[in-house]
Amino acid sequence: MKVGVVGLGYVGLPLALAFAEEGHEVVGVEADPRKVAAIARGESYIEDVPSGRLAAVSERLSAATSYEELVACEAVLIAVPTPLTRNREPDLGPLVSSGTALAGVLREGQLVVLESTTYPGTTRERLAPLLEDSGLATGRDFNLAYSPERVDPGRTDFTLRTTPKIVGAMTPACLDRAMAVYGRVCDEIVPVSGPEPAELAKLLENVFRSVNIALVNELAMLCDRMGIDVWEVVEAASSKPYGFMRFDPGPGMGGHCLPVDPFYLSWKAREYGQPTEFVELAGEVNQRMPEFCAERVARALNDLSKPVRGSRVLVLGVAYKPGVGDLRESPAIKIMGLLAKSGADLSFHDDHVPELPEFGLHSEPLDVALGSADVAVIVTAHSGLDVEAVVRSAPLVVDFRGVTRGIEAPNLVRL
Ligand SMILES: NC(=O)c1ccc[n+]([C@@H]2O[C@H](COP(=O)([O-])OP(=O)(O)OC[C@H]3O[C@@H](n4cnc5c(N)ncnc54)[C@H](O)[C@@H]3O)[C@@H](O)[C@H]2O)c1
């Protein structure tokens, strides 16, 4: 089979690789020529995709900026970004431009599947009409389906193959076709009755996480006031064998999905006059966390008679989560921005992020950075961070991830 993947980012590149590793010929269409060139050199730019795996399938995996390459594909899978506009509304720009370009080369008999996260109705109301500008009809001349990506960057216990894949399609024949294609790379397919339930299921998954993280973050702010250890509370509640699912508090949500996707749902809900208060409240609480964290650092310094202004604040971990170098919507950046505004002298250490140009900073070696810091703030704890050494070496440690649990020290403050 020849498969096309449009958009070779965090989602598209692993997807392309999965098909190539199963022996299929894969052509990727990517708007960024630097990524196309990197793939031609067999070099990966996504942490979850080792270059060795790319190089091993270089005979079968190619990339280009031109949609012409898709003409000979049986299936075309679209994984372009679905960001927000400045006004926090869905920005379907990349999706519309990829749909328009694809319509220019679409041919009879092809299957098109949208993988990008989006509001219910996008496949039917937005993508299908764009593709039909080709003169071909959905369901009759070409097949169209929606299948949300569930990749979790940095995760190794579940892969594309072992994570059930939801598929919803425009017609029963479209569904059969999409299930057959995904059956080559996924062990379990979960068919639903159309694109809309599949689109909404993905949003439910992300809203579920956002709401639960907000709940436990709100509890963390209350625990701070009440002098109760929120980690002990979460740990104790997690002993319930049913009816409870553990979520940990933290400095706020980051990444491309959780801070963005709920807005796709609340925007669409407005069309139906139905408020989505849970969704919006969760977003508000989570967005408040970086401010709370910056204020907590200031309070910890104040307790040592130090002002934020002029204090050397070392941030440990600036990526939005452990194990990756992704800075998108990272709470660390927001916390650093707030502390910088208050006059803090910032530095950072992150094994996955070499530099932060917006702050004019490079990641410093941990021992050097600890030696000169007034406070070390653990915002993202990558595995391998020697937490005990941090607590031993820094005059003050503020831990927003709970990784110092079990350590008792007078210079240690935990969320
Ligand atoms: N990153 C995740 O963990 C994750 C998980 C599940 C779902 N998703 C969803 O998958 C989609 C893609 O996310 P991502 O993280 O891979 O984004 P990304 O930015 O890493 O990758 C998207 C790629 O598409 C390219 N692109 C943009 N417009 C294009 C066009 N018109 N033609 C061809 N290429 C184009 C970009 O250059 C980029 O390389 C989004 O809808 C996202 O919400 C992401």
# chains A, B, ... in the order shown; residues from 1 in each chain; ligands from 1

$ residues_around --residues "Arg140 in chain A" --least-positions-apart "5" --cutoff "10 Å" --atoms "only C-alpha atoms" --output "list in words"
Glu108, Gly109, Thr171, Ala173 and Cys174 of chain A

$ residues_near_ligand --ligand "ligand 1" --cutoff "8 Å" --atoms "only C-alpha atoms and all ligand atoms" --output "JSON, numbers by chain"
{"A": [6, 7, 8, 9, 10, 11, 12, 13, 29, 30, 31, 32, 35, 65, 79, 80, 81, 82, 83, 93, 94, 95, 96, 97, 98, 99, 101, 115, 116, 117, 118, 148, 149, 150, 151, 152, 153, 255, 256, 257, 260, 261]}

$ residues_around --residues "range 265-276 of chain A" --least-positions-apart "3" --cutoff "9 Å" --atoms "only C-alpha atoms" --output "PyMOL selection string"
chain A and resi 88-90+118-121+200+203-204+207+261-262+279-281

$ write_last_selection --atoms "C-alpha atoms" --output "PDB file, in the first residue's frame"
ATOM      1  CA  ARG A  88      -8.774  31.866  21.412  1.00  0.00           C
ATOM      2  CA  GLU A  89     -11.043  30.611  18.657  1.00  0.00           C
ATOM      3  CA  PRO A  90     -10.357  27.589  16.402  1.00  0.00           C
ATOM      4  CA  THR A 118     -10.997  19.483  16.138  1.00  0.00           C
ATOM      5  CA  TYR A 119     -14.640  20.268  16.971  1.00  0.00           C
ATOM      6  CA  PRO A 120     -17.449  17.913  15.963  1.00  0.00           C
ATOM      7  CA  GLY A 121     -18.607  18.691  12.448  1.00  0.00           C
ATOM      8  CA  LEU A 200     -16.092  14.652  20.144  1.00  0.00           C
ATOM      9  CA  LEU A 203     -12.257  16.327  22.893  1.00  0.00           C
ATOM     10  CA  LEU A 204     -13.906  14.461  25.783  1.00  0.00           C
ATOM     11  CA  VAL A 207     -11.428  17.901  28.536  1.00  0.00           C
ATOM     12  CA  ASP A 261      -8.511  21.658  22.562  1.00  0.00           C
ATOM     13  CA  PRO A 262     -11.207  22.545  25.132  1.00  0.00           C
ATOM     14  CA  VAL A 279     -14.633  23.252  30.279  1.00  0.00           C
ATOM     15  CA  GLU A 280     -14.116  26.974  30.650  1.00  0.00           C
ATOM     16  CA  LEU A 281     -13.698  26.931  34.421  1.00  0.00           C
TER      17      LEU A 281
END

$ select_by_dssp --residues "range 112-251 of chain A" --states "strand (DSSP E or B)" --output "mmCIF file with N, CA, C and O atoms, in the first residue's frame"
data_model
loop_
_atom_site.group_PDB
_atom_site.id
_atom_site.type_symbol
_atom_site.label_atom_id
_atom_site.label_comp_id
_atom_site.auth_asym_id
_atom_site.auth_seq_id
_atom_site.Cartn_x
_atom_site.Cartn_y
_atom_site.Cartn_z
ATOM 1 N N VAL A 112 -9.351 9.516 2.389
ATOM 2 C CA VAL A 112 -8.761 10.638 3.130
ATOM 3 C C VAL A 112 -9.212 10.527 4.583
ATOM 4 O O VAL A 112 -10.405 10.307 4.852
ATOM 5 N N VAL A 113 -8.268 10.625 5.512
ATOM 6 C CA VAL A 113 -8.624 10.580 6.939
ATOM 7 C C VAL A 113 -8.023 11.792 7.632
ATOM 8 O O VAL A 113 -6.830 12.072 7.498
ATOM 9 N N LEU A 114 -8.871 12.496 8.378
ATOM 10 C CA LEU A 114 -8.380 13.612 9.184
ATOM 11 C C LEU A 114 -8.017 13.082 10.570
ATOM 12 O O LEU A 114 -8.815 12.374 11.197
ATOM 13 N N THR A 138 -17.970 12.845 -2.004
ATOM 14 C CA THR A 138 -17.638 12.062 -0.812
ATOM 15 C C THR A 138 -18.477 10.791 -0.779
ATOM 16 O O THR A 138 -19.685 10.838 -0.990
ATOM 17 N N PHE A 142 -14.678 9.165 -3.523
ATOM 18 C CA PHE A 142 -13.554 8.991 -2.585
ATOM 19 C C PHE A 142 -14.130 8.749 -1.189
ATOM 20 O O PHE A 142 -15.294 9.073 -0.922
ATOM 21 N N ASN A 143 -13.331 8.148 -0.341
ATOM 22 C CA ASN A 143 -13.764 7.844 1.028
ATOM 23 C C ASN A 143 -13.206 8.891 1.985
ATOM 24 O O ASN A 143 -12.097 9.383 1.792
ATOM 25 N N LEU A 144 -13.996 9.173 3.023
ATOM 26 C CA LEU A 144 -13.571 10.192 3.986
ATOM 27 C C LEU A 144 -13.896 9.733 5.405
ATOM 28 O O LEU A 144 -15.019 9.244 5.660
ATOM 29 N N ALA A 145 -12.928 9.866 6.288
ATOM 30 C CA ALA A 145 -13.134 9.447 7.685
ATOM 31 C C ALA A 145 -12.383 10.385 8.616
ATOM 32 O O ALA A 145 -11.562 11.202 8.183
ATOM 33 N N TYR A 146 -12.698 10.248 9.906
ATOM 34 C CA TYR A 146 -11.970 10.979 10.948
ATOM 35 C C TYR A 146 -11.453 9.960 11.958
ATOM 36 O O TYR A 146 -12.208 9.064 12.367
ATOM 37 N N LYS A 165 -7.710 2.568 18.358
ATOM 38 C CA LYS A 165 -7.846 3.728 17.449
ATOM 39 C C LYS A 165 -9.320 3.908 17.108
ATOM 40 O O LYS A 165 -9.959 3.024 16.533
ATOM 41 N N ILE A 166 -9.857 5.079 17.443
ATOM 42 C CA ILE A 166 -11.258 5.388 17.131
ATOM 43 C C ILE A 166 -11.337 5.798 15.661
ATOM 44 O O ILE A 166 -10.515 6.583 15.185
ATOM 45 N N VAL A 167 -12.347 5.269 14.966
ATOM 46 C CA VAL A 167 -12.562 5.674 13.577
ATOM 47 C C VAL A 167 -14.052 5.956 13.362
ATOM 48 O O VAL A 167 -14.903 5.133 13.720
ATOM 49 N N GLY A 168 -14.358 7.120 12.804
ATOM 50 C CA GLY A 168 -15.725 7.457 12.422
ATOM 51 C C GLY A 168 -15.700 7.924 10.975
ATOM 52 O O GLY A 168 -14.794 8.673 10.601
ATOM 53 N N ALA A 169 -16.641 7.486 10.166
ATOM 54 C CA ALA A 169 -16.532 7.794 8.737
ATOM 55 C C ALA A 169 -17.858 8.276 8.167
ATOM 56 O O ALA A 169 -18.910 8.167 8.795
ATOM 57 N N ILE A 189 -9.292 -1.485 16.595
ATOM 58 C CA ILE A 189 -9.975 -0.314 16.032
ATOM 59 C C ILE A 189 -11.328 -0.195 16.737
ATOM 60 O O ILE A 189 -12.013 -1.192 16.957
ATOM 61 N N VAL A 190 -11.683 1.033 17.093
ATOM 62 C CA VAL A 190 -12.971 1.274 17.743
ATOM 63 C C VAL A 190 -13.841 2.066 16.770
ATOM 64 O O VAL A 190 -13.711 3.289 16.664
ATOM 65 N N PRO A 191 -14.728 1.372 16.045
ATOM 66 C CA PRO A 191 -15.554 2.109 15.074
ATOM 67 C C PRO A 191 -16.702 2.834 15.772
ATOM 68 O O PRO A 191 -17.259 2.329 16.736
ATOM 69 N N VAL A 192 -17.011 4.036 15.310
ATOM 70 C CA VAL A 192 -18.191 4.759 15.797
ATOM 71 C C VAL A 192 -19.045 5.133 14.578
ATOM 72 O O VAL A 192 -18.645 4.911 13.438
#

$ residues_around --residues "Ser372 in chain A" --least-positions-apart "5" --cutoff "10 Å" --atoms "only C-alpha atoms" --output "NGL selection string"
:A and (312-314 or 347 or 367 or 393-395)

$ closest_residue --among "A:Pro33, A:Val398, A:Arg155, A:Gln110" --to "Val71 in chain A" --atoms "only C-alpha atoms"
A:Gln110

$ closest_residue --among "A:Ser363, A:Thr85, A:Ser210, A:Ser44" --to "Gly252 in chain A" --atoms "only C-alpha atoms"
A:Ser210

$ closest_residue --among "A:Met245, A:Leu258, A:Leu102, A:Val387" --to "Gly402 in chain A" --atoms "only C-alpha atoms"
A:Val387

$ residues_around --residues "Phe348 in chain A" --least-positions-apart "5" --cutoff "10 Å" --atoms "only C-alpha atoms" --output "number ranges by chain"
A: 313-318, 332, 336, 353-356, 361-366, 369-370, 376-377

$ atom_distance --atom1 "CA of Met221 in chain A" --atom2 "CA of Gly154 in chain A"
28.1 Å

$ residues_around --residues "Gly23 in chain A" --least-positions-apart "6" --cutoff "12 Å" --atoms "only C-alpha atoms" --output "PyMOL selection string"
chain A and resi 1-3+16-17+56-61+184-185

$ residues_around --residues "Asp248 in chain A" --least-positions-apart "2" --cutoff "10 Å" --atoms "only C-alpha atoms" --output "list in words"
Asn212, Ile213, Ala214, Leu215, Val216, Asn217, Ala220, Val230, Trp231, Val234, Glu235, Arg246, Gly250, Arg401 and Gly402 of chain A

$ closest_residue --among "A:Ala373, A:Gly4, A:Leu15, A:Leu54" --to "Glu74 in chain A" --atoms "only C-alpha atoms"
A:Gly4

$ atom_distance --atom1 "CA of Leu338 in chain A" --atom2 "CA of Arg288 in chain A"
12.0 Å
